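Undergrad: File work-v5.cif follows (mmCIF, C-alpha atoms and all ligand atoms):
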```cif
data_coords
loop_
_atom_site.group_PDB
_atom_site.id
_atom_site.type_symbol
_atom_site.label_atom_id
_atom_site.label_comp_id
_atom_site.auth_asym_id
_atom_site.auth_seq_id
_atom_site.Cartn_x
_atom_site.Cartn_y
_atom_site.Cartn_z
ATOM 1 C CA MET A 22 13.083 -142.872 -43.690
ATOM 2 C CA PRO A 23 12.690 -141.198 -40.284
ATOM 3 C CA GLU A 24 13.989 -137.636 -40.345
ATOM 4 C CA THR A 25 16.754 -138.007 -37.784
ATOM 5 C CA LEU A 26 17.576 -141.651 -38.230
ATOM 6 C CA TRP A 27 21.268 -140.816 -37.838
ATOM 7 C CA ARG A 28 20.724 -139.917 -34.172
ATOM 8 C CA ALA A 29 19.022 -143.243 -33.458
ATOM 9 C CA SER A 30 21.854 -145.012 -35.300
ATOM 10 C CA LEU A 31 24.434 -143.126 -33.234
ATOM 11 C CA VAL A 32 22.647 -143.963 -29.980
ATOM 12 C CA LEU A 33 22.520 -147.615 -31.066
ATOM 13 C CA ALA A 34 26.242 -147.563 -31.935
ATOM 14 C CA LEU A 35 27.028 -146.109 -28.487
ATOM 15 C CA TYR A 36 24.986 -148.868 -26.887
ATOM 16 C CA ARG A 37 26.459 -151.696 -28.951
ATOM 17 C CA ASN A 38 30.006 -150.382 -28.271
ATOM 18 C CA ARG A 39 29.359 -149.609 -24.599
ATOM 19 C CA HIS A 40 32.062 -151.996 -23.338
ATOM 20 C CA VAL A 41 34.766 -150.334 -25.459
ATOM 21 C CA ALA A 42 36.095 -147.206 -23.709
ATOM 22 C CA GLN A 43 37.547 -145.875 -26.983
ATOM 23 C CA ALA A 44 34.086 -145.781 -28.533
ATOM 24 C CA ARG A 45 33.465 -142.554 -26.636
ATOM 25 C CA TYR A 46 36.410 -140.812 -28.317
ATOM 26 C CA LEU A 47 35.766 -138.704 -31.378
ATOM 27 C CA GLN A 48 38.091 -136.560 -33.451
ATOM 28 C CA LEU A 49 37.115 -132.920 -33.830
ATOM 29 C CA ALA A 50 38.528 -130.952 -36.746
ATOM 30 C CA THR A 51 38.591 -127.168 -36.637
ATOM 31 C CA ILE A 52 40.093 -124.448 -38.828
ATOM 32 C CA ARG A 53 43.115 -122.513 -37.599
ATOM 33 C CA GLY A 54 43.522 -118.776 -38.054
ATOM 34 C CA ASP A 55 45.764 -119.358 -41.087
ATOM 35 C CA GLY A 56 43.175 -121.596 -42.795
ATOM 36 C CA ARG A 57 44.942 -124.882 -42.055
ATOM 37 C CA PRO A 58 43.033 -127.706 -40.334
ATOM 38 C CA ALA A 59 43.563 -128.780 -36.727
ATOM 39 C CA ASN A 60 42.310 -132.075 -35.369
ATOM 40 C CA ARG A 61 42.302 -133.756 -31.979
ATOM 41 C CA THR A 62 40.676 -136.515 -29.920
ATOM 42 C CA LEU A 63 37.942 -135.580 -27.429
ATOM 43 C CA VAL A 64 35.601 -137.515 -25.147
ATOM 44 C CA PHE A 65 31.897 -137.489 -26.049
ATOM 45 C CA ARG A 66 29.996 -136.132 -23.016
ATOM 46 C CA GLY A 67 26.479 -136.749 -24.283
ATOM 47 C CA PHE A 68 23.804 -135.035 -26.324
ATOM 48 C CA LEU A 69 22.543 -131.635 -25.231
ATOM 49 C CA GLY A 70 19.292 -132.765 -23.608
ATOM 50 C CA GLU A 71 16.958 -134.283 -26.189
ATOM 51 C CA THR A 72 18.541 -132.363 -29.076
ATOM 52 C CA ASP A 73 20.854 -133.602 -31.835
ATOM 53 C CA ALA A 74 23.741 -131.520 -30.472
ATOM 54 C CA ILE A 75 26.931 -133.266 -29.343
ATOM 55 C CA THR A 76 28.784 -132.015 -26.266
ATOM 56 C CA VAL A 77 32.454 -132.222 -25.289
ATOM 57 C CA VAL A 78 34.392 -130.446 -22.568
ATOM 58 C CA THR A 79 37.664 -128.630 -22.795
ATOM 59 C CA ASP A 80 40.009 -126.151 -21.184
ATOM 60 C CA MET A 81 39.155 -122.607 -22.278
ATOM 61 C CA ARG A 82 42.872 -121.888 -22.660
ATOM 62 C CA THR A 83 43.315 -124.395 -25.513
ATOM 63 C CA ALA A 84 43.625 -123.540 -29.200
ATOM 64 C CA LYS A 85 40.371 -125.266 -30.195
ATOM 65 C CA VAL A 86 38.375 -122.707 -28.218
ATOM 66 C CA ARG A 87 39.909 -119.797 -30.131
ATOM 67 C CA GLU A 88 39.469 -121.686 -33.405
ATOM 68 C CA VAL A 89 35.776 -122.483 -32.822
ATOM 69 C CA GLU A 90 35.055 -118.927 -31.712
ATOM 70 C CA ALA A 91 36.740 -117.537 -34.843
ATOM 71 C CA THR A 92 35.293 -120.126 -37.294
ATOM 72 C CA PRO A 93 32.371 -122.177 -35.954
ATOM 73 C CA TRP A 94 32.421 -124.732 -38.808
ATOM 74 C CA VAL A 95 33.793 -128.037 -37.532
ATOM 75 C CA GLU A 96 33.622 -131.715 -38.369
ATOM 76 C CA ALA A 97 33.707 -134.603 -35.918
ATOM 77 C CA CYS A 98 34.792 -138.057 -37.035
ATOM 78 C CA TRP A 99 33.823 -140.977 -34.842
ATOM 79 C CA TYR A 100 34.675 -144.646 -35.335
ATOM 80 C CA PHE A 101 32.986 -147.487 -33.464
ATOM 81 C CA PRO A 102 35.302 -150.514 -33.433
ATOM 82 C CA MET A 103 32.855 -153.225 -32.334
ATOM 83 C CA THR A 104 30.312 -152.456 -35.036
ATOM 84 C CA ARG A 105 32.842 -151.104 -37.571
ATOM 85 C CA GLU A 106 30.948 -147.940 -38.425
ATOM 86 C CA GLN A 107 31.942 -144.321 -38.854
ATOM 87 C CA PHE A 108 29.953 -141.136 -38.334
ATOM 88 C CA ARG A 109 31.177 -137.823 -39.741
ATOM 89 C CA LEU A 110 29.242 -134.973 -38.161
ATOM 90 C CA GLY A 111 29.678 -131.596 -39.804
ATOM 91 C CA GLY A 112 28.151 -128.451 -38.447
ATOM 92 C CA ARG A 113 28.559 -125.382 -36.317
ATOM 93 C CA ALA A 114 30.013 -125.411 -32.828
ATOM 94 C CA ARG A 115 29.746 -122.934 -29.977
ATOM 95 C CA VAL A 116 31.710 -122.595 -26.767
ATOM 96 C CA VAL A 117 29.746 -122.310 -23.528
ATOM 97 C CA ARG A 118 31.831 -120.307 -21.080
ATOM 98 C CA GLU A 119 31.189 -118.943 -17.622
ATOM 99 C CA ASP A 120 28.410 -116.323 -17.468
ATOM 100 C CA ALA A 121 27.528 -116.557 -21.168
ATOM 101 C CA GLY A 122 24.983 -118.317 -23.346
ATOM 102 C CA ASP A 123 21.393 -119.296 -22.620
ATOM 103 C CA GLU A 124 20.304 -121.064 -19.461
ATOM 104 C CA ALA A 125 20.064 -124.523 -21.097
ATOM 105 C CA ASP A 126 23.695 -124.255 -22.242
ATOM 106 C CA ARG A 127 24.846 -122.978 -18.867
ATOM 107 C CA GLN A 128 23.027 -125.773 -17.064
ATOM 108 C CA ALA A 129 24.607 -128.307 -19.426
ATOM 109 C CA ARG A 130 28.031 -126.833 -18.615
ATOM 110 C CA ARG A 131 27.396 -127.182 -14.865
ATOM 111 C CA ASP A 132 26.102 -130.754 -15.330
ATOM 112 C CA ALA A 133 29.133 -131.692 -17.429
ATOM 113 C CA TRP A 134 31.500 -130.351 -14.758
ATOM 114 C CA ARG A 135 29.691 -132.275 -12.027
ATOM 115 C CA ALA A 136 29.849 -135.508 -14.057
ATOM 116 C CA LEU A 137 33.665 -135.412 -14.430
ATOM 117 C CA SER A 138 35.985 -137.448 -12.238
ATOM 118 C CA ASP A 139 38.025 -135.608 -9.598
ATOM 119 C CA ALA A 140 41.174 -136.343 -11.626
ATOM 120 C CA THR A 141 39.728 -134.736 -14.760
ATOM 121 C CA ARG A 142 38.424 -131.742 -12.793
ATOM 122 C CA GLN A 143 41.893 -131.304 -11.328
ATOM 123 C CA SER A 144 43.446 -131.110 -14.823
ATOM 124 C CA PHE A 145 41.727 -127.719 -15.209
ATOM 125 C CA THR A 146 43.971 -126.352 -12.459
ATOM 126 C CA TRP A 147 47.121 -127.306 -14.341
ATOM 127 C CA PRO A 148 49.440 -124.647 -15.808
ATOM 128 C CA MET A 149 48.688 -123.174 -19.249
ATOM 129 C CA PRO A 150 48.112 -125.915 -21.889
ATOM 130 C CA GLY A 151 50.738 -125.810 -24.635
ATOM 131 C CA ALA A 152 53.131 -123.564 -22.691
ATOM 132 C CA PRO A 153 56.727 -124.808 -22.234
ATOM 133 C CA ARG A 154 56.911 -127.339 -19.406
ATOM 134 C CA ASP A 155 58.526 -125.807 -16.329
ATOM 135 C CA PRO A 156 59.609 -128.363 -13.703
ATOM 136 C CA ALA A 157 59.345 -125.628 -11.063
ATOM 137 C CA VAL A 158 55.603 -125.186 -11.634
ATOM 138 C CA PRO A 159 53.596 -127.734 -9.629
ATOM 139 C CA PHE A 160 50.697 -129.693 -11.147
ATOM 140 C CA VAL A 161 49.090 -130.751 -7.881
ATOM 141 C CA ALA A 162 46.345 -128.487 -6.572
ATOM 142 C CA ALA A 163 43.327 -128.798 -4.346
ATOM 143 C CA THR A 164 40.493 -130.856 -5.841
ATOM 144 C CA PRO A 165 38.022 -128.403 -7.398
ATOM 145 C CA ASP A 166 34.454 -128.139 -6.118
ATOM 146 C CA PRO A 167 32.117 -130.304 -8.290
ATOM 147 C CA GLU A 168 29.412 -127.646 -7.876
ATOM 148 C CA ALA A 169 31.531 -124.717 -9.050
ATOM 149 C CA PRO A 170 32.998 -124.978 -12.556
ATOM 150 C CA PRO A 171 36.060 -122.739 -12.889
ATOM 151 C CA ALA A 172 36.348 -120.070 -15.597
ATOM 152 C CA ASP A 173 38.807 -122.270 -17.504
ATOM 153 C CA PHE A 174 36.172 -124.970 -17.944
ATOM 154 C CA GLY A 175 34.297 -124.857 -21.234
ATOM 155 C CA LEU A 176 31.604 -126.923 -22.903
ATOM 156 C CA ILE A 177 31.670 -127.182 -26.694
ATOM 157 C CA VAL A 178 28.330 -127.856 -28.350
ATOM 158 C CA LEU A 179 28.326 -129.174 -31.913
ATOM 159 C CA GLU A 180 25.082 -128.753 -33.871
ATOM 160 C CA PRO A 181 25.350 -131.074 -36.869
ATOM 161 C CA VAL A 182 23.888 -130.047 -40.215
ATOM 162 C CA GLU A 183 25.312 -132.951 -42.216
ATOM 163 C CA VAL A 184 25.937 -136.504 -41.080
ATOM 164 C CA ASP A 185 27.687 -139.193 -43.116
ATOM 165 C CA HIS A 186 27.177 -142.664 -41.670
ATOM 166 C CA LEU A 187 29.274 -145.525 -43.078
ATOM 167 C CA GLU A 188 28.878 -149.160 -42.049
ATOM 168 C CA LEU A 189 31.828 -151.309 -43.053
ATOM 169 C CA ASP A 190 30.067 -154.586 -42.305
ATOM 170 C CA GLY A 191 28.242 -155.818 -45.361
ATOM 171 C CA ASN A 192 29.317 -156.445 -48.891
ATOM 172 C CA PRO A 193 28.822 -153.938 -50.351
ATOM 173 C CA GLN A 194 29.162 -151.593 -47.373
ATOM 174 C CA ASN A 195 26.289 -149.268 -46.402
ATOM 175 C CA ARG A 196 26.394 -145.479 -46.375
ATOM 176 C CA TRP A 197 23.809 -142.803 -45.707
ATOM 177 C CA ILE A 198 24.023 -139.007 -45.863
ATOM 178 C CA PHE A 199 21.673 -136.832 -43.823
ATOM 179 C CA ARG A 200 21.279 -133.085 -44.243
ATOM 180 C CA ARG A 201 19.470 -130.506 -42.203
ATOM 181 C CA ASP A 202 17.833 -127.652 -44.103
ATOM 182 C CA ALA A 203 17.507 -124.022 -43.009
ATOM 183 C CA ASP A 204 14.170 -124.834 -41.310
ATOM 184 C CA GLY A 205 15.796 -127.551 -39.213
ATOM 185 C CA ARG A 206 14.266 -130.472 -41.152
ATOM 186 C CA TRP A 207 16.439 -133.505 -41.745
ATOM 187 C CA THR A 208 16.385 -135.544 -44.918
ATOM 188 C CA GLY A 209 18.513 -138.592 -45.575
ATOM 189 C CA ARG A 210 19.404 -140.779 -48.489
ATOM 190 C CA GLU A 211 21.350 -143.942 -49.005
ATOM 191 C CA VAL A 212 24.418 -143.476 -51.209
ATOM 192 C CA ASN A 213 27.117 -145.690 -52.632
ATOM 193 C CA PRO A 214 29.855 -146.417 -50.099
HETATM 194 C C1 LIG A 301 41.860 -140.344 -25.670
HETATM 195 C C2 LIG A 301 41.956 -138.838 -25.539
HETATM 196 C C3 LIG A 301 40.890 -138.145 -25.013
HETATM 197 C C4 LIG A 301 40.950 -136.749 -24.883
HETATM 198 N N1 LIG A 301 39.868 -136.067 -24.418
HETATM 199 C C5 LIG A 301 39.894 -134.725 -24.365
HETATM 200 C C6 LIG A 301 38.731 -133.995 -23.977
HETATM 201 O O1 LIG A 301 37.653 -134.550 -23.694
HETATM 202 N N2 LIG A 301 38.821 -132.638 -23.947
HETATM 203 C C7 LIG A 301 39.973 -131.984 -24.302
HETATM 204 O O2 LIG A 301 39.975 -130.760 -24.274
HETATM 205 N N3 LIG A 301 41.075 -132.643 -24.676
HETATM 206 C C8 LIG A 301 41.067 -133.997 -24.722
HETATM 207 N N4 LIG A 301 42.175 -134.675 -25.134
HETATM 208 C C9 LIG A 301 43.385 -133.895 -25.508
HETATM 209 C C10 LIG A 301 43.183 -133.314 -26.915
HETATM 210 O O3 LIG A 301 43.252 -134.338 -27.890
HETATM 211 C C11 LIG A 301 44.196 -132.204 -27.225
HETATM 212 O O4 LIG A 301 45.500 -132.697 -27.147
HETATM 213 C C12 LIG A 301 44.068 -130.999 -26.287
HETATM 214 O O5 LIG A 301 42.715 -130.728 -25.980
HETATM 215 C C13 LIG A 301 44.676 -129.739 -26.911
HETATM 216 O O6 LIG A 301 44.060 -129.516 -28.156
HETATM 217 P P1 LIG A 301 44.075 -128.092 -28.911
HETATM 218 O O7 LIG A 301 45.391 -127.467 -28.609
HETATM 219 O O8 LIG A 301 43.905 -128.456 -30.364
HETATM 220 O O9 LIG A 301 42.946 -127.286 -28.395
HETATM 221 C C14 LIG A 301 42.122 -136.057 -25.277
HETATM 222 C C15 LIG A 301 43.198 -136.778 -25.807
HETATM 223 C C16 LIG A 301 43.102 -138.146 -25.931
HETATM 224 C C17 LIG A 301 44.284 -138.874 -26.534
#
```
When written as structure tokens, how does the structure in this file appear?
Ligand SMILES: Cc1cc2nc3c(=O)[nH]c(=O)nc-3n(C[C@H](O)[C@H](O)[C@H](O)COP(=O)(O)O)c2cc1C
TA:
Amino acid sequence: MPETLWRASLVLALYRNRHVAQARYLQLATIRGDGRPANRTLVFRGFLGETDAITVVTDMRTAKVREVEATPWVEACWYFPMTREQFRLGGRARVVREDAGDEADRQARRDAWRALSDATRQSFTWPMPGAPRDPAVPFVAATPDPEAPPADFGLIVLEPVEVDHLELDGNPQNRWIFRRDADGRWTGREVNP
């Protein structure tokens, strides 16, 4: 079995579900400061270059940023409706903020900002996420420069170390578990669904 077959399977799932907008939404679970889980939907923004790492973007002011920075262990759960398959990607995440991280991460952050729509870029100028809604505070602001990500724009990079791939089609269903060892080598095995 090829070492990183899960990545090829994920790329194939993205391709086969390319006409379904929801197929680019994944759920990312983090751990709150009090040990309870938190989970939310995010848009997949691509792999980090040719690596296995998954990228998403977020507002630096949101809770997930604090949670990832305090406890990097996360799990993403991703369902592809056309092909009826699920990927659970567990691993460590890091937040790429302004003026921090290595150059590849910083370039990925700039590229991700540039690739957003104007409407999404504008959402980073909105008032504090999660704060009480104040009708007096306006939401409309100038459209941000696509070449200049603001400080509130963050890229989250998830480096999976365990991937659980379940295909519902088939009787019985098919399931594989892939693990990455300390040297970065992936091994996978087929398991009962
Ligand atoms: C379909 C969908 C896509 C979303 N995509 C993103 C996203 O890419 N980035 C993001 O930060 N929040 C996204 N959100 C909002 C998050 O689910 C969440 O409400 C918000 O980020 C605050 O989460 P937090 O307080 O746990 O950090 C999306 C919500 C939905 C329903």
Undergrad: Would you name the residues within 7 Å of ligand LIG 301 (chain A), counting all atoms listed in the file, and put them as an MDAnalysis selection string?
TA: chainID A and resid 46 59:65 77:80 83:86 151
Undergrad: What gap, in Å, lies between atom CA of A:Phe68 and atom CA of A:Val212?
TA: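 Here the two named atoms are 26.3 Å from each other.
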Undergrad: Find the residue from A:Asp155, A:Asp120, A:Glu168, A:Asp185 that sits nearest to A:Ala136; use all atoms listed in the file when measuring.
TA: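 Closest to A:Ala136 of all the choices is A:Glu168.
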Undergrad: Please return as a PDB file with C-alpha atoms, in the frame of the given file every residue within 8 Å of (19.1, -130.9, -18.3), taking into account only C-alpha atoms and the file's own coordinates.
TA:
```pdb
ATOM      1  CA  LEU A  69      22.543-131.635 -25.231  1.00  0.00           C
ATOM      2  CA  GLY A  70      19.292-132.765 -23.608  1.00  0.00           C
ATOM      3  CA  ALA A 125      20.064-124.523 -21.097  1.00  0.00           C
ATOM      4  CA  GLN A 128      23.027-125.773 -17.064  1.00  0.00           C
ATOM      5  CA  ALA A 129      24.607-128.307 -19.426  1.00  0.00           C
ATOM      6  CA  ASP A 132      26.102-130.754 -15.330  1.00  0.00           C
TER       7      ASP A 132
END
```
Undergrad: May I ask for the distance between atom CA of A:Gly56 and atom CA of A:Arg115, given in Å to one decimal place?
TA: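 Taking atom CA of A:Gly56 as the start and atom CA of A:Arg115 as the end point, the length is 18.6 Å.
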Undergrad: Taking (33.4, -120.5, -18.6) in the file's own coordinates, collect the residues within 6 Å, counting all atoms listed in the file, and hand them back as a VMD selection string.
TA: chain A and resid 118 to 119 172 to 175
Undergrad: Could you tell me how far atom CA of A:His186 lies from atom CA of A:Ile198, in Å and to one decimal?
TA: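 Value for the atom CA of A:His186-atom CA of A:Ile198 distance: 6.4 Å.
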Undergrad: Please identify all polymer residues within 12 Å of A:His40, counting all atoms listed in the file, omitting same-chain residues fewer than 3 positions from it, and present them as a VMD selection string.
TA: chain A and resid 34 to 37 43 to 45 101 to 104
Undergrad: Nearest to A:Pro165 among A:Thr141, A:Val184, A:Pro148, A:Cys98, with distances taken over all atoms listed in the file: which residue is it?
TA: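 Comparing A:Thr141, A:Val184, A:Pro148, A:Cys98 against A:Pro165, the winner is A:Thr141.
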Undergrad: Restricting the calculation to all atoms listed in the file, which member of A:Asp55, A:Glu106, A:Glu124, A:Asp139 is positioned closest to A:Gln194?
TA: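 Residue with the minimum atom-to-atom distance to A:Gln194: A:Glu106.
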Undergrad: I would like the residues chosen by the PyMOL selection byres (((chain A and resi 143) around 10) and not hetatm) on the shown file; could you give them as a ChimeraX atom specification?
TA: /A:137-142,144-147,160-166
Undergrad: Show which residues sit within 8 Å of A:Ala97, as number ranges by chain. Count only C-alpha atoms, and ignore same-chain residues fewer than 5 positions away.
TA: A: 47-50, 108-111
Undergrad: When the PyMOL selection byres (((chain A and resi 88) around 9) and not hetatm) is applied to the structure above, which residues does it catch, written out as an MDAnalysis selection string?
TA: chainID A and resid 51:54 59 84:87 89:93
Undergrad: Which residues fall under the PyMOL selection byres (((chain A and resi 199) around 7) and not hetatm) in this file, as a ChimeraX atom specification?
TA: /A:183-185,197-198,200-201,207-210
Undergrad: Please write out, as lines of an AutoDock Vina configuration file, where the centre of an axis-aligned box around all listed atoms of stretch 104-114 of chain A lies and how long its edges are, in Å to one decimal, after adding 6 Å on each side.
TA:
```
center_x = 30.5
center_y = -138.9
center_z = -36.3
size_x = 16.7
size_y = 39.1
size_z = 19.0
```
Undergrad: If you count all atoms listed in the file, which residues fall within 7 Å of A:Asp126, apart from same-chain ones fewer than 4 positions away, as a PyMOL selection string?
TA: chain A and resi 117+122+130
Undergrad: Restricted to C-alpha atoms, what would the selected residues look like written as an mmCIF file, in the frame of the given file?
TA:
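Writing the result to part_7.cif gives the following:
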```cif
data_model
loop_
_atom_site.group_PDB
_atom_site.id
_atom_site.type_symbol
_atom_site.label_atom_id
_atom_site.label_comp_id
_atom_site.auth_asym_id
_atom_site.auth_seq_id
_atom_site.Cartn_x
_atom_site.Cartn_y
_atom_site.Cartn_z
ATOM 1 C CA VAL A 117 29.746 -122.310 -23.528
ATOM 2 C CA GLY A 122 24.983 -118.317 -23.346
ATOM 3 C CA ARG A 130 28.031 -126.833 -18.615
#
```
